[in-house]
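Undergrad: First, the structure itself, so that you have it in front of you.
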Amino acid sequence: MDFLRPASWEEALAAKAEYPTAVPIAGGTDIMVEINFDHRRPEYLLDLNRIELLREWEVGEEVTKLGASVPYTQIMENLRTTLPGLALASHTVASPQIRNRGGVGGNLGCASPAGDSHPALLAAGCEVEVESVRGSRMIPIDEFYTGVKRNALAADELIKSVHLKNATGPQQYSKVGTRNAMVIAVCGFGLALHPDTRTVRTGIASAAPTPIRAKAAEEFLNAALEEGGFWDNGKVITPSIAKQFGELASGACNPIDDVRGTAKYRRHAVGILARRQLVWTWEQYRGTNGRSLEGAA
């Protein structure tokens, strides 16, 4: 196994072009486990730790540009207001040591269905910036996951950054696991309210071959909120709406039975997470926006 250690982004792109089978490594959370257990033996490892560009972020007026190797710890400490869903998801990643090294780019590159950042990225509706010596392109997050641990990257491309719209409303993330740390999710769910567009987006992990959105649940909730005037009047979400949303979120799942949980349990748990997060986020929205509208009605 050869170890490639470029000193700049340009050198990294050139190395990936010359050695397209090279596996990028920054935090190494997934690939080192596979190597240690002899499940994978790549011919080349491409170390990206010397590239400062990947550890930078920029908060714009509407969009935050997050480098692929920005550690989860930095997201938790510096971006909890701008990217609350991703900050919550970052809290659930492994251990403090791994959160100090791992980043969103690694989750995206591995494309594991159980990756903790995926639901938050899907709910936020981000774009993934990838680049090669041929140029750069933006991949919408909905088009990024192509199969079990497969993504839309070409063989010579590397993930440079993630572009997320700054939160305009409450966001949530939670997962079910067999313990509180160092655990692969049995299932995970993310929810983001977007009051600026009067829409809701979701993300589900570890309950389908790829990270997915609960689109039928989103469509139902978007219609219910609009028809009931909820965005304007700040009323409490009714139990029937919350229940239906949870059931539709559960129905979006296509899970398997494995050592961490059964398919039936995963569907059930996703439905509960969805229902709870809807209540939490809506109450937060009412507390910051809706109650004043309700009092004026």
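Just so we're on the same page: first chain in the structure tokens is A, next is B, and so on; residues restart at 1 for each chain, and ligands are numbered from 1 in the order they show up.
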When you look at Phe144 in chain A with a cut-off of 10 Å (counting only C-alpha atoms), what residues show up, excluding the ones that are within fewer than 4 positions of it in the same chain? I need them as a list in words.
TA: Leu108, Gly109, Ala111, Glu127, Val128, Met138, Ile139, Pro140, Arg150, Asn151, Ala152, Leu153, Thr210 and Pro211 of chain A
Undergrad: Which residues are close to Leu48 in chain A, i.e. within 8 Å by only C-alpha atoms, leaving aside same-chain residues fewer than 4 positions away? Reply as a ChimeraX atom specification.
TA: /A:5-6,12,24-26
Undergrad: With only C-alpha atoms as the counted atoms, please give the residues lying no more than 12 Å from range 227-238 of chain A, apart from itself and same-chain residues fewer than 3 positions off, as an mmCIF file with N, CA and C atoms, in the first residue's frame.
TA:
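Dumped everything to around08.cif:
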```cif
data_model
loop_
_atom_site.group_PDB
_atom_site.id
_atom_site.type_symbol
_atom_site.label_atom_id
_atom_site.label_comp_id
_atom_site.auth_asym_id
_atom_site.auth_seq_id
_atom_site.Cartn_x
_atom_site.Cartn_y
_atom_site.Cartn_z
ATOM 1 N N GLY A 169 -35.033 28.733 9.985
ATOM 2 C CA GLY A 169 -35.988 28.210 10.950
ATOM 3 C C GLY A 169 -35.344 27.096 11.760
ATOM 4 N N LEU A 193 -37.195 23.130 9.218
ATOM 5 C CA LEU A 193 -38.247 24.052 8.798
ATOM 6 C C LEU A 193 -37.604 25.180 8.004
ATOM 7 N N HIS A 194 -38.204 25.507 6.861
ATOM 8 C CA HIS A 194 -37.705 26.594 6.015
ATOM 9 C C HIS A 194 -38.810 27.638 5.861
ATOM 10 N N PRO A 195 -38.979 28.502 6.861
ATOM 11 C CA PRO A 195 -40.064 29.491 6.804
ATOM 12 C C PRO A 195 -39.977 30.438 5.620
ATOM 13 N N ASP A 196 -38.761 30.678 5.126
ATOM 14 C CA ASP A 196 -38.610 31.597 3.993
ATOM 15 C C ASP A 196 -39.296 31.068 2.743
ATOM 16 N N THR A 197 -39.321 29.741 2.583
ATOM 17 C CA THR A 197 -39.994 29.131 1.432
ATOM 18 C C THR A 197 -41.265 28.376 1.846
ATOM 19 N N ARG A 198 -41.575 28.420 3.135
ATOM 20 C CA ARG A 198 -42.737 27.717 3.685
ATOM 21 C C ARG A 198 -42.717 26.230 3.319
ATOM 22 N N THR A 199 -41.578 25.634 3.531
ATOM 23 C CA THR A 199 -41.420 24.210 3.234
ATOM 24 C C THR A 199 -40.709 23.519 4.393
ATOM 25 N N VAL A 200 -40.848 22.202 4.398
ATOM 26 C CA VAL A 200 -40.189 21.353 5.380
ATOM 27 C C VAL A 200 -39.419 20.287 4.619
ATOM 28 N N PHE A 220 -47.115 16.012 2.392
ATOM 29 C CA PHE A 220 -48.296 16.076 3.255
ATOM 30 C C PHE A 220 -48.203 17.247 4.221
ATOM 31 N N LEU A 221 -47.061 17.378 4.888
ATOM 32 C CA LEU A 221 -46.910 18.424 5.894
ATOM 33 C C LEU A 221 -46.912 19.817 5.264
ATOM 34 N N ASN A 222 -46.237 19.966 4.134
ATOM 35 C CA ASN A 222 -46.235 21.266 3.453
ATOM 36 C C ASN A 222 -47.663 21.704 3.116
ATOM 37 N N ALA A 223 -48.470 20.758 2.630
ATOM 38 C CA ALA A 223 -49.858 21.078 2.282
ATOM 39 C C ALA A 223 -50.676 21.385 3.535
ATOM 40 N N ALA A 224 -50.487 20.585 4.592
ATOM 41 C CA ALA A 224 -51.265 20.786 5.820
ATOM 42 C C ALA A 224 -50.946 22.133 6.462
ATOM 43 N N ILE A 241 -52.074 15.689 12.593
ATOM 44 C CA ILE A 241 -51.049 16.033 11.600
ATOM 45 C C ILE A 241 -49.719 15.389 11.971
ATOM 46 N N ALA A 242 -49.351 15.480 13.249
ATOM 47 C CA ALA A 242 -48.090 14.891 13.698
ATOM 48 C C ALA A 242 -48.085 13.375 13.497
ATOM 49 N N LYS A 243 -49.212 12.745 13.803
ATOM 50 C CA LYS A 243 -49.305 11.292 13.641
ATOM 51 C C LYS A 243 -49.177 10.886 12.179
ATOM 52 N N GLN A 244 -49.887 11.587 11.303
ATOM 53 C CA GLN A 244 -49.816 11.263 9.880
ATOM 54 C C GLN A 244 -48.423 11.493 9.317
ATOM 55 N N PHE A 245 -47.788 12.564 9.763
ATOM 56 C CA PHE A 245 -46.418 12.843 9.315
ATOM 57 C C PHE A 245 -45.485 11.710 9.726
ATOM 58 N N ARG A 275 -42.237 12.277 14.323
ATOM 59 C CA ARG A 275 -43.334 12.927 15.046
ATOM 60 C C ARG A 275 -42.807 13.850 16.146
ATOM 61 N N ARG A 276 -41.840 13.351 16.906
ATOM 62 C CA ARG A 276 -41.278 14.155 17.986
ATOM 63 C C ARG A 276 -40.575 15.403 17.458
ATOM 64 N N GLN A 277 -39.776 15.217 16.410
ATOM 65 C CA GLN A 277 -39.034 16.360 15.886
ATOM 66 C C GLN A 277 -39.955 17.418 15.291
ATOM 67 N N LEU A 278 -41.058 16.988 14.707
ATOM 68 C CA LEU A 278 -42.019 17.963 14.196
ATOM 69 C C LEU A 278 -42.558 18.816 15.341
ATOM 70 N N VAL A 279 -42.915 18.188 16.443
ATOM 71 C CA VAL A 279 -43.430 18.934 17.599
ATOM 72 C C VAL A 279 -42.355 19.864 18.157
ATOM 73 N N TRP A 280 -41.128 19.355 18.301
ATOM 74 C CA TRP A 280 -40.038 20.180 18.849
ATOM 75 C C TRP A 280 -39.758 21.401 17.980
ATOM 76 N N THR A 281 -39.585 21.158 16.674
ATOM 77 C CA THR A 281 -39.227 22.270 15.794
ATOM 78 C C THR A 281 -40.365 23.273 15.671
ATOM 79 N N TRP A 282 -41.615 22.781 15.643
ATOM 80 C CA TRP A 282 -42.730 23.710 15.493
ATOM 81 C C TRP A 282 -42.914 24.557 16.749
ATOM 82 N N GLU A 283 -42.714 23.950 17.912
ATOM 83 C CA GLU A 283 -42.804 24.724 19.144
ATOM 84 C C GLU A 283 -41.700 25.783 19.192
ATOM 85 N N GLN A 284 -40.533 25.432 18.700
ATOM 86 C CA GLN A 284 -39.442 26.413 18.650
ATOM 87 C C GLN A 284 -39.785 27.538 17.675
ATOM 88 N N TYR A 285 -40.387 27.177 16.539
ATOM 89 C CA TYR A 285 -40.805 28.194 15.568
ATOM 90 C C TYR A 285 -41.859 29.117 16.166
ATOM 91 N N ARG A 286 -42.807 28.524 16.867
ATOM 92 C CA ARG A 286 -43.854 29.335 17.503
ATOM 93 C C ARG A 286 -43.248 30.269 18.551
ATOM 94 N N GLY A 287 -42.252 29.778 19.274
ATOM 95 C CA GLY A 287 -41.639 30.579 20.315
ATOM 96 C C GLY A 287 -40.890 31.776 19.776
ATOM 97 N N THR A 288 -40.355 31.655 18.543
ATOM 98 C CA THR A 288 -39.580 32.760 17.982
ATOM 99 C C THR A 288 -40.371 33.599 16.984
ATOM 100 N N ASN A 289 -41.405 32.989 16.372
ATOM 101 C CA ASN A 289 -42.162 33.695 15.341
ATOM 102 C C ASN A 289 -43.667 33.602 15.510
ATOM 103 N N GLY A 290 -44.141 32.369 15.769
ATOM 104 C CA GLY A 290 -45.562 32.099 15.620
ATOM 105 C C GLY A 290 -46.453 32.676 16.692
ATOM 106 N N ARG A 291 -45.994 32.734 17.954
ATOM 107 C CA ARG A 291 -46.892 33.164 19.011
ATOM 108 C C ARG A 291 -47.308 34.613 18.838
ATOM 109 N N SER A 292 -46.392 35.433 18.303
ATOM 110 C CA SER A 292 -46.767 36.819 18.070
ATOM 111 C C SER A 292 -47.849 36.920 17.019
ATOM 112 N N LEU A 293 -47.782 35.997 16.049
ATOM 113 C CA LEU A 293 -48.814 35.974 14.999
ATOM 114 C C LEU A 293 -50.134 35.490 15.581
ATOM 115 N N GLU A 294 -50.058 34.477 16.459
ATOM 116 C CA GLU A 294 -51.274 33.931 17.063
ATOM 117 C C GLU A 294 -51.949 34.990 17.936
ATOM 118 N N GLY A 295 -51.140 35.769 18.674
ATOM 119 C CA GLY A 295 -51.705 36.784 19.532
ATOM 120 C C GLY A 295 -52.339 37.920 18.769
ATOM 121 N N ALA A 296 -51.861 38.126 17.521
ATOM 122 C CA ALA A 296 -52.404 39.214 16.701
ATOM 123 C C ALA A 296 -53.639 38.788 15.915
ATOM 124 N N ALA A 297 -53.903 37.465 15.887
ATOM 125 C CA ALA A 297 -55.026 36.977 15.072
ATOM 126 C C ALA A 297 -56.359 37.315 15.706
#
```
Undergrad: I need the residue nearest Ala274 in chain A from this list: A:Asn107, A:Asn180, A:Gln171, A:Ser90. Use only C-alpha atoms for the distance.
TA: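 The answer is A:Gln171, which sits nearest to Ala274 in chain A.
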Undergrad: In Å, with one decimal, what is the gap from CA of Pro113 in chain A to CA of Gly60 in chain A?
TA: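 These atoms are spaced 29.8 Å apart.
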Undergrad: Once DSSP has gone over the backbone, tell me which residues of range 4-209 of chain A are in strand (DSSP E or B), as a ChimeraX atom specification.
TA: /A:4,23-25,44-47,57-59,63-67,71,103,127-132,135-140,145-147,150-151,158-165,171-176,187-194,199-205
Undergrad: From the list A:Leu4, A:Ile204, A:Leu46, A:Val183, which residue is nearest Ala123 in chain A when using only C-alpha atoms?
TA: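 For Ala123 in chain A, the nearest of the given residues is A:Ile204.
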Undergrad: In Å, rounded to a single decimal, give me how far CA of Glu61 in chain A is from CA of Ser161 in chain A.
TA: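 Between CA of Ser161 in chain A and CA of Glu61 in chain A the gap is 17.3 Å.
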Undergrad: Please determine, counting only C-alpha atoms, which residue among A:Ser250, A:Gln172, A:Ser136, A:Thr29 has the shortest atom-to-atom distance to Glu157 in chain A.
TA: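 Counting only C-alpha atoms, the residue closest to Glu157 in chain A is A:Ser136.
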